[in-house]
>>> print(open('target20.cif').read())   # mmCIF, C-alpha atoms, pLDDT in the B column; chains and numbers go by the auth columns
data_target
#
loop_
_atom_site.group_PDB
_atom_site.id
_atom_site.type_symbol
_atom_site.label_atom_id
_atom_site.label_comp_id
_atom_site.label_asym_id
_atom_site.label_seq_id
_atom_site.Cartn_x
_atom_site.Cartn_y
_atom_site.Cartn_z
_atom_site.B_iso_or_equiv
_atom_site.auth_seq_id
_atom_site.auth_asym_id
ATOM 1 C CA MET A 1 62.908 71.594 7.353 49.00 8 A
ATOM 2 C CA SER A 2 62.129 73.626 4.300 59.00 9 A
ATOM 3 C CA ASN A 3 59.458 76.279 4.116 82.00 10 A
ATOM 4 C CA ASN A 4 57.530 73.809 1.911 90.00 11 A
ATOM 5 C CA HIS A 5 56.991 71.477 4.888 94.00 12 A
ATOM 6 C CA VAL A 6 53.505 69.984 5.132 97.00 13 A
ATOM 7 C CA TYR A 7 52.094 67.274 7.346 97.00 14 A
ATOM 8 C CA ILE A 8 48.998 65.267 8.007 97.00 15 A
ATOM 9 C CA ALA A 9 48.288 63.517 11.311 98.00 16 A
ATOM 10 C CA LEU A 10 45.732 60.721 11.538 98.00 17 A
ATOM 11 C CA GLN A 11 44.375 58.688 14.433 97.00 18 A
ATOM 12 C CA ASN A 12 46.269 55.467 14.996 95.00 19 A
ATOM 13 C CA ASN A 13 43.306 53.093 14.712 93.00 20 A
ATOM 14 C CA GLU A 14 42.211 50.161 12.575 89.00 21 A
ATOM 15 C CA GLU A 15 40.104 52.241 10.164 87.00 22 A
ATOM 16 C CA ALA A 16 42.915 54.734 9.480 95.00 23 A
ATOM 17 C CA ARG A 17 45.617 52.114 8.844 95.00 24 A
ATOM 18 C CA ALA A 18 44.675 51.646 5.181 95.00 25 A
ATOM 19 C CA ILE A 19 44.734 55.414 4.650 97.00 26 A
ATOM 20 C CA ILE A 20 48.175 55.608 6.254 97.00 27 A
ATOM 21 C CA GLU A 21 49.443 52.725 4.114 97.00 28 A
ATOM 22 C CA ALA A 22 48.053 54.408 0.984 97.00 29 A
ATOM 23 C CA ILE A 23 49.855 57.632 1.882 97.00 30 A
ATOM 24 C CA GLU A 24 53.107 55.704 2.324 96.00 31 A
ATOM 25 C CA ARG A 25 52.688 54.023 -1.094 97.00 32 A
ATOM 26 C CA ASP A 26 51.779 57.181 -2.981 97.00 33 A
ATOM 27 C CA ASN A 27 54.291 59.488 -1.251 97.00 34 A
ATOM 28 C CA PRO A 28 57.573 57.539 -1.074 95.00 35 A
ATOM 29 C CA ASN A 29 59.566 60.577 0.095 95.00 36 A
ATOM 30 C CA ALA A 30 57.261 61.287 3.036 96.00 37 A
ATOM 31 C CA SER A 31 58.441 60.612 6.569 97.00 38 A
ATOM 32 C CA VAL A 32 56.037 58.524 8.688 96.00 39 A
ATOM 33 C CA ASN A 33 56.198 58.751 12.480 97.00 40 A
ATOM 34 C CA HIS A 34 54.086 56.439 14.634 96.00 41 A
ATOM 35 C CA PHE A 35 52.920 57.586 18.064 95.00 42 A
ATOM 36 C CA PRO A 36 50.572 55.786 20.479 93.00 43 A
ATOM 37 C CA ALA A 37 47.455 57.768 19.499 93.00 44 A
ATOM 38 C CA MET A 38 48.339 59.093 16.045 96.00 45 A
ATOM 39 C CA VAL A 39 50.526 58.738 12.976 98.00 46 A
ATOM 40 C CA LYS A 40 52.139 61.914 11.618 98.00 47 A
ATOM 41 C CA ILE A 41 53.265 62.024 8.009 98.00 48 A
ATOM 42 C CA ASP A 42 55.640 64.827 7.010 97.00 49 A
ATOM 43 C CA GLY A 43 56.379 65.831 3.452 96.00 50 A
ATOM 44 C CA ASP A 44 58.015 68.477 1.335 94.00 51 A
ATOM 45 C CA GLY A 45 55.541 70.473 -0.720 93.00 52 A
ATOM 46 C CA ARG A 46 52.628 68.026 -1.057 96.00 53 A
ATOM 47 C CA ILE A 47 51.154 64.869 0.455 97.00 54 A
ATOM 48 C CA GLU A 48 48.413 63.044 -1.454 97.00 55 A
ATOM 49 C CA VAL A 49 45.788 60.551 -0.336 97.00 56 A
ATOM 50 C CA ARG A 50 44.483 58.890 -3.493 97.00 57 A
ATOM 51 C CA ARG A 51 41.020 57.349 -3.545 97.00 58 A
ATOM 52 C CA LYS A 52 42.096 54.527 -5.861 98.00 59 A
ATOM 53 C CA THR A 53 44.940 53.398 -3.570 98.00 60 A
ATOM 54 C CA VAL A 54 42.768 53.401 -0.450 97.00 61 A
ATOM 55 C CA GLU A 55 40.051 51.457 -2.290 97.00 62 A
ATOM 56 C CA GLU A 56 42.602 48.810 -3.348 97.00 63 A
ATOM 57 C CA LEU A 57 43.650 48.375 0.277 96.00 64 A
ATOM 58 C CA ILE A 58 40.185 48.260 1.855 95.00 65 A
ATOM 59 C CA GLY A 59 38.334 46.450 -0.913 95.00 66 A
ATOM 60 C CA ARG A 60 35.408 48.845 -1.164 96.00 67 A
ATOM 61 C CA ASP A 61 34.478 52.263 -2.523 97.00 68 A
ATOM 62 C CA TRP A 62 36.065 55.078 -0.510 96.00 69 A
ATOM 63 C CA ASP A 63 35.211 58.763 -0.580 95.00 70 A
ATOM 64 C CA PRO A 64 38.184 61.034 0.233 94.00 71 A
ATOM 65 C CA GLN A 65 35.843 62.972 2.538 93.00 72 A
ATOM 66 C CA GLU A 66 36.015 59.950 4.879 95.00 73 A
ATOM 67 C CA ILE A 67 39.527 61.029 5.859 96.00 74 A
ATOM 68 C CA HIS A 68 37.949 63.728 8.050 95.00 75 A
ATOM 69 C CA LEU A 69 36.728 60.988 10.419 95.00 76 A
ATOM 70 C CA HIS A 70 40.354 60.133 11.263 96.00 77 A
ATOM 71 C CA LEU A 71 42.092 63.477 10.837 97.00 78 A
ATOM 72 C CA VAL A 72 43.885 64.883 13.888 96.00 79 A
ATOM 73 C CA SER A 73 45.755 67.810 12.351 96.00 80 A
ATOM 74 C CA ILE A 74 47.224 69.168 9.137 96.00 81 A
ATOM 75 C CA SER A 75 49.754 71.803 8.169 96.00 82 A
ATOM 76 C CA GLY A 76 49.358 73.182 4.685 95.00 83 A
ATOM 77 C CA ASN A 77 46.560 74.029 2.312 95.00 84 A
ATOM 78 C CA VAL A 78 43.916 71.423 1.554 95.00 85 A
ATOM 79 C CA ASP A 79 43.210 70.613 -2.086 94.00 86 A
ATOM 80 C CA GLU A 80 40.534 67.974 -2.558 93.00 87 A
ATOM 81 C CA ASP A 81 38.272 66.511 -5.180 94.00 88 A
ATOM 82 C CA GLU A 82 36.537 63.166 -5.742 95.00 89 A
ATOM 83 C CA ASP A 83 39.846 61.371 -6.385 97.00 90 A
ATOM 84 C CA VAL A 84 42.457 63.002 -4.136 96.00 91 A
ATOM 85 C CA PHE A 85 42.741 64.630 -0.723 97.00 92 A
ATOM 86 C CA ALA A 86 46.008 66.599 -0.685 97.00 93 A
ATOM 87 C CA VAL A 87 47.838 68.862 1.717 97.00 94 A
ATOM 88 C CA GLN A 88 50.200 71.219 -0.041 95.00 95 A
ATOM 89 C CA ARG A 89 52.166 74.390 0.415 90.00 96 A
ATOM 90 C CA ASN A 90 51.234 77.156 -2.012 81.00 97 A
ATOM 91 C CA ASN A 91 54.117 79.602 -2.241 64.00 98 A
#
>>> encode(input="target20.cif", output="structure tokens")
Amino acid sequence: MSNNHVYIALQNNEEARAIIEAIERDNPNASVNHFPAMVKIDGDGRIEVRRKTVEELIGRDWDPQEIHLHLVSISGNVDEDEDVFAVQRNN
């Protein structure tokens, strides 16, 4: 893996499934690995969780801060605002 490797790991539960699906849609080059208790998404440089995509999947308003309820672990620097929660590598 490159030195730009980042990842985000989320609980593998019903509430997190829409977030995971949104990450897959918005980060087509990310690698998604399912485990019994969590889902780990690996990427090169940056992984984004976009508010708009999650809202489309769950059918309600979603605040990117809600991701913290399902977050297991991250590797990278967090960059977040009202529209995007991102994990990125700042070189």
>>> residues_near_point(input="target20.cif", point="(54.4, 60.7, 13.7)", cutoff="10 Å", atoms="only C-alpha atoms", output="VMD selection string")
chain A and resid 14 to 17 19 38 to 49
>>> atom_distance(input="target20.cif", atom1="CA of Phe92 (chain A)", atom2="CA of Val56 (chain A)")
5.1 Å
>>> closest_residue(input="target20.cif", among="A:Asn20, A:Asn34, A:Asn11, A:Gln72", to="Asp51 (chain A)", atoms="all atoms listed in the file")
A:Asn11
>>> resolve_selection(input="target20.cif", expression="the PyMOL selection byres ((chain A and resi 97) around 10)", output="PDB file with C-alpha atoms, in the frame of the given file")
ATOM      1  CA  ASN A  11      57.530  73.809   1.911  1.00 90.00           C
ATOM      2  CA  GLY A  52      55.541  70.473  -0.720  1.00 93.00           C
ATOM      3  CA  ARG A  53      52.628  68.026  -1.057  1.00 96.00           C
ATOM      4  CA  GLY A  83      49.358  73.182   4.685  1.00 95.00           C
ATOM      5  CA  ASN A  84      46.560  74.029   2.312  1.00 95.00           C
ATOM      6  CA  VAL A  85      43.916  71.423   1.554  1.00 95.00           C
ATOM      7  CA  VAL A  94      47.838  68.862   1.717  1.00 97.00           C
ATOM      8  CA  GLN A  95      50.200  71.219  -0.041  1.00 95.00           C
ATOM      9  CA  ARG A  96      52.166  74.390   0.415  1.00 90.00           C
ATOM     10  CA  ASN A  98      54.117  79.602  -2.241  1.00 64.00           C
TER      11      ASN A  98
END
>>> atom_distance(input="target20.cif", atom1="CA of Thr60 (chain A)", atom2="CA of Glu22 (chain A)")
14.6 Å
>>> residues_near_point(input="target20.cif", point="(37.4, 63.7, 7.0)", cutoff="12 Å", atoms="only C-alpha atoms", output="short mmCIF file (atom, residue, chain, number, x, y, z; two decimals) with C-alpha atoms, in the frame of the given file")
data_model
loop_
_atom_site.label_atom_id
_atom_site.label_comp_id
_atom_site.auth_asym_id
_atom_site.auth_seq_id
_atom_site.Cartn_x
_atom_site.Cartn_y
_atom_site.Cartn_z
CA ILE A 15 49.00 65.27 8.01
CA ALA A 16 48.29 63.52 11.31
CA LEU A 17 45.73 60.72 11.54
CA GLN A 18 44.38 58.69 14.43
CA ALA A 23 42.92 54.73 9.48
CA ILE A 26 44.73 55.41 4.65
CA VAL A 56 45.79 60.55 -0.34
CA TRP A 69 36.06 55.08 -0.51
CA ASP A 70 35.21 58.76 -0.58
CA PRO A 71 38.18 61.03 0.23
CA GLN A 72 35.84 62.97 2.54
CA GLU A 73 36.02 59.95 4.88
CA ILE A 74 39.53 61.03 5.86
CA HIS A 75 37.95 63.73 8.05
CA LEU A 76 36.73 60.99 10.42
CA HIS A 77 40.35 60.13 11.26
CA LEU A 78 42.09 63.48 10.84
CA VAL A 79 43.88 64.88 13.89
CA SER A 80 45.76 67.81 12.35
CA ILE A 81 47.22 69.17 9.14
CA VAL A 85 43.92 71.42 1.55
CA GLU A 87 40.53 67.97 -2.56
CA PHE A 92 42.74 64.63 -0.72
CA ALA A 93 46.01 66.60 -0.68
#
>>> atom_distance(input="target20.cif", atom1="CA of Ser82 (chain A)", atom2="CA of Glu63 (chain A)")
26.7 Å
>>> axis_aligned_box(input="target20.cif", around="region 61-65 of chain A", padding_each_side="6 Å", output="AutoDock Vina command-line options")
--center_x 41.9 --center_y 50.8 --center_z -0.7 --size_x 15.6 --size_y 17.1 --size_z 17.2
>>> build_atoms(input="target20.cif", residues="region 26-58 of chain A", atoms="N, CA and C atoms", output="PDB file, keeping the file's coordinate frame")
ATOM      1  N   ILE A  26      44.452  54.058   5.145  1.00 97.00           N
ATOM      2  CA  ILE A  26      44.734  55.414   4.650  1.00 97.00           C
ATOM      3  C   ILE A  26      46.217  55.719   4.821  1.00 97.00           C
ATOM      4  N   ILE A  27      46.751  55.372   5.975  1.00 97.00           N
ATOM      5  CA  ILE A  27      48.175  55.608   6.254  1.00 97.00           C
ATOM      6  C   ILE A  27      49.037  54.804   5.284  1.00 97.00           C
ATOM      7  N   GLU A  28      48.686  53.550   5.054  1.00 97.00           N
ATOM      8  CA  GLU A  28      49.443  52.725   4.114  1.00 97.00           C
ATOM      9  C   GLU A  28      49.373  53.300   2.700  1.00 97.00           C
ATOM     10  N   ALA A  29      48.204  53.798   2.309  1.00 97.00           N
ATOM     11  CA  ALA A  29      48.053  54.408   0.984  1.00 97.00           C
ATOM     12  C   ALA A  29      48.936  55.648   0.857  1.00 97.00           C
ATOM     13  N   ILE A  30      49.000  56.447   1.906  1.00 97.00           N
ATOM     14  CA  ILE A  30      49.855  57.632   1.882  1.00 97.00           C
ATOM     15  C   ILE A  30      51.311  57.221   1.718  1.00 97.00           C
ATOM     16  N   GLU A  31      51.726  56.184   2.441  1.00 96.00           N
ATOM     17  CA  GLU A  31      53.107  55.704   2.324  1.00 96.00           C
ATOM     18  C   GLU A  31      53.416  55.235   0.897  1.00 96.00           C
ATOM     19  N   ARG A  32      52.488  54.522   0.277  1.00 97.00           N
ATOM     20  CA  ARG A  32      52.688  54.023  -1.094  1.00 97.00           C
ATOM     21  C   ARG A  32      52.786  55.155  -2.102  1.00 97.00           C
ATOM     22  N   ASP A  33      51.881  56.123  -1.980  1.00 97.00           N
ATOM     23  CA  ASP A  33      51.779  57.181  -2.981  1.00 97.00           C
ATOM     24  C   ASP A  33      52.721  58.356  -2.748  1.00 97.00           C
ATOM     25  N   ASN A  34      53.378  58.395  -1.596  1.00 97.00           N
ATOM     26  CA  ASN A  34      54.291  59.488  -1.251  1.00 97.00           C
ATOM     27  C   ASN A  34      55.591  58.900  -0.702  1.00 97.00           C
ATOM     28  N   PRO A  35      56.393  58.264  -1.558  1.00 95.00           N
ATOM     29  CA  PRO A  35      57.573  57.539  -1.074  1.00 95.00           C
ATOM     30  C   PRO A  35      58.608  58.410  -0.357  1.00 95.00           C
ATOM     31  N   ASN A  36      58.602  59.701  -0.575  1.00 95.00           N
ATOM     32  CA  ASN A  36      59.566  60.577   0.095  1.00 95.00           C
ATOM     33  C   ASN A  36      59.050  61.139   1.412  1.00 95.00           C
ATOM     34  N   ALA A  37      57.828  60.801   1.773  1.00 96.00           N
ATOM     35  CA  ALA A  37      57.261  61.287   3.036  1.00 96.00           C
ATOM     36  C   ALA A  37      57.879  60.532   4.208  1.00 96.00           C
ATOM     37  N   SER A  38      57.925  61.198   5.336  1.00 97.00           N
ATOM     38  CA  SER A  38      58.441  60.612   6.569  1.00 97.00           C
ATOM     39  C   SER A  38      57.257  60.267   7.469  1.00 97.00           C
ATOM     40  N   VAL A  39      57.165  59.001   7.886  1.00 96.00           N
ATOM     41  CA  VAL A  39      56.037  58.524   8.688  1.00 96.00           C
ATOM     42  C   VAL A  39      56.508  58.254  10.107  1.00 96.00           C
ATOM     43  N   ASN A  40      55.848  58.898  11.070  1.00 97.00           N
ATOM     44  CA  ASN A  40      56.198  58.751  12.480  1.00 97.00           C
ATOM     45  C   ASN A  40      54.994  58.229  13.251  1.00 97.00           C
ATOM     46  N   HIS A  41      55.166  57.072  13.884  1.00 96.00           N
ATOM     47  CA  HIS A  41      54.086  56.439  14.634  1.00 96.00           C
ATOM     48  C   HIS A  41      54.176  56.823  16.110  1.00 96.00           C
ATOM     49  N   PHE A  42      53.062  57.262  16.652  1.00 95.00           N
ATOM     50  CA  PHE A  42      52.920  57.586  18.064  1.00 95.00           C
ATOM     51  C   PHE A  42      51.779  56.735  18.616  1.00 95.00           C
ATOM     52  N   PRO A  43      51.635  56.642  19.933  1.00 93.00           N
ATOM     53  CA  PRO A  43      50.572  55.786  20.479  1.00 93.00           C
ATOM     54  C   PRO A  43      49.161  56.132  19.977  1.00 93.00           C
ATOM     55  N   ALA A  44      48.820  57.397  19.859  1.00 93.00           N
ATOM     56  CA  ALA A  44      47.455  57.768  19.499  1.00 93.00           C
ATOM     57  C   ALA A  44      47.311  58.280  18.075  1.00 93.00           C
ATOM     58  N   MET A  45      48.438  58.540  17.397  1.00 96.00           N
ATOM     59  CA  MET A  45      48.339  59.093  16.045  1.00 96.00           C
ATOM     60  C   MET A  45      49.557  58.705  15.223  1.00 96.00           C
ATOM     61  N   VAL A  46      49.423  58.913  13.915  1.00 98.00           N
ATOM     62  CA  VAL A  46      50.526  58.738  12.976  1.00 98.00           C
ATOM     63  C   VAL A  46      50.664  60.069  12.241  1.00 98.00           C
ATOM     64  N   LYS A  47      51.869  60.634  12.268  1.00 98.00           N
ATOM     65  CA  LYS A  47      52.139  61.914  11.618  1.00 98.00           C
ATOM     66  C   LYS A  47      53.008  61.662  10.399  1.00 98.00           C
ATOM     67  N   ILE A  48      52.544  62.184   9.258  1.00 98.00           N
ATOM     68  CA  ILE A  48      53.265  62.024   8.009  1.00 98.00           C
ATOM     69  C   ILE A  48      53.722  63.406   7.556  1.00 98.00           C
ATOM     70  N   ASP A  49      55.044  63.562   7.429  1.00 97.00           N
ATOM     71  CA  ASP A  49      55.640  64.827   7.010  1.00 97.00           C
ATOM     72  C   ASP A  49      56.090  64.723   5.568  1.00 97.00           C
ATOM     73  N   GLY A  50      55.946  65.823   4.838  1.00 96.00           N
ATOM     74  CA  GLY A  50      56.379  65.831   3.452  1.00 96.00           C
ATOM     75  C   GLY A  50      56.898  67.194   3.045  1.00 96.00           C
ATOM     76  N   ASP A  51      57.480  67.237   1.877  1.00 94.00           N
ATOM     77  CA  ASP A  51      58.015  68.477   1.335  1.00 94.00           C
ATOM     78  C   ASP A  51      57.154  68.907   0.155  1.00 94.00           C
ATOM     79  N   GLY A  52      56.344  69.911   0.361  1.00 93.00           N
ATOM     80  CA  GLY A  52      55.541  70.473  -0.720  1.00 93.00           C
ATOM     81  C   GLY A  52      54.131  69.939  -0.855  1.00 93.00           C
ATOM     82  N   ARG A  53      53.965  68.597  -0.832  1.00 96.00           N
ATOM     83  CA  ARG A  53      52.628  68.026  -1.057  1.00 96.00           C
ATOM     84  C   ARG A  53      52.572  66.589  -0.553  1.00 96.00           C
ATOM     85  N   ILE A  54      51.466  66.242   0.069  1.00 97.00           N
ATOM     86  CA  ILE A  54      51.154  64.869   0.455  1.00 97.00           C
ATOM     87  C   ILE A  54      49.777  64.567  -0.129  1.00 97.00           C
ATOM     88  N   GLU A  55      49.677  63.434  -0.833  1.00 97.00           N
ATOM     89  CA  GLU A  55      48.413  63.044  -1.454  1.00 97.00           C
ATOM     90  C   GLU A  55      47.847  61.781  -0.831  1.00 97.00           C
ATOM     91  N   VAL A  56      46.525  61.758  -0.702  1.00 97.00           N
ATOM     92  CA  VAL A  56      45.788  60.551  -0.336  1.00 97.00           C
ATOM     93  C   VAL A  56      44.894  60.263  -1.533  1.00 97.00           C
ATOM     94  N   ARG A  57      45.200  59.198  -2.259  1.00 97.00           N
ATOM     95  CA  ARG A  57      44.483  58.890  -3.493  1.00 97.00           C
ATOM     96  C   ARG A  57      43.375  57.864  -3.246  1.00 97.00           C
ATOM     97  N   ARG A  58      42.190  58.208  -3.714  1.00 97.00           N
ATOM     98  CA  ARG A  58      41.020  57.349  -3.545  1.00 97.00           C
ATOM     99  C   ARG A  58      41.299  55.940  -4.047  1.00 97.00           C
TER     100      ARG A  58
END
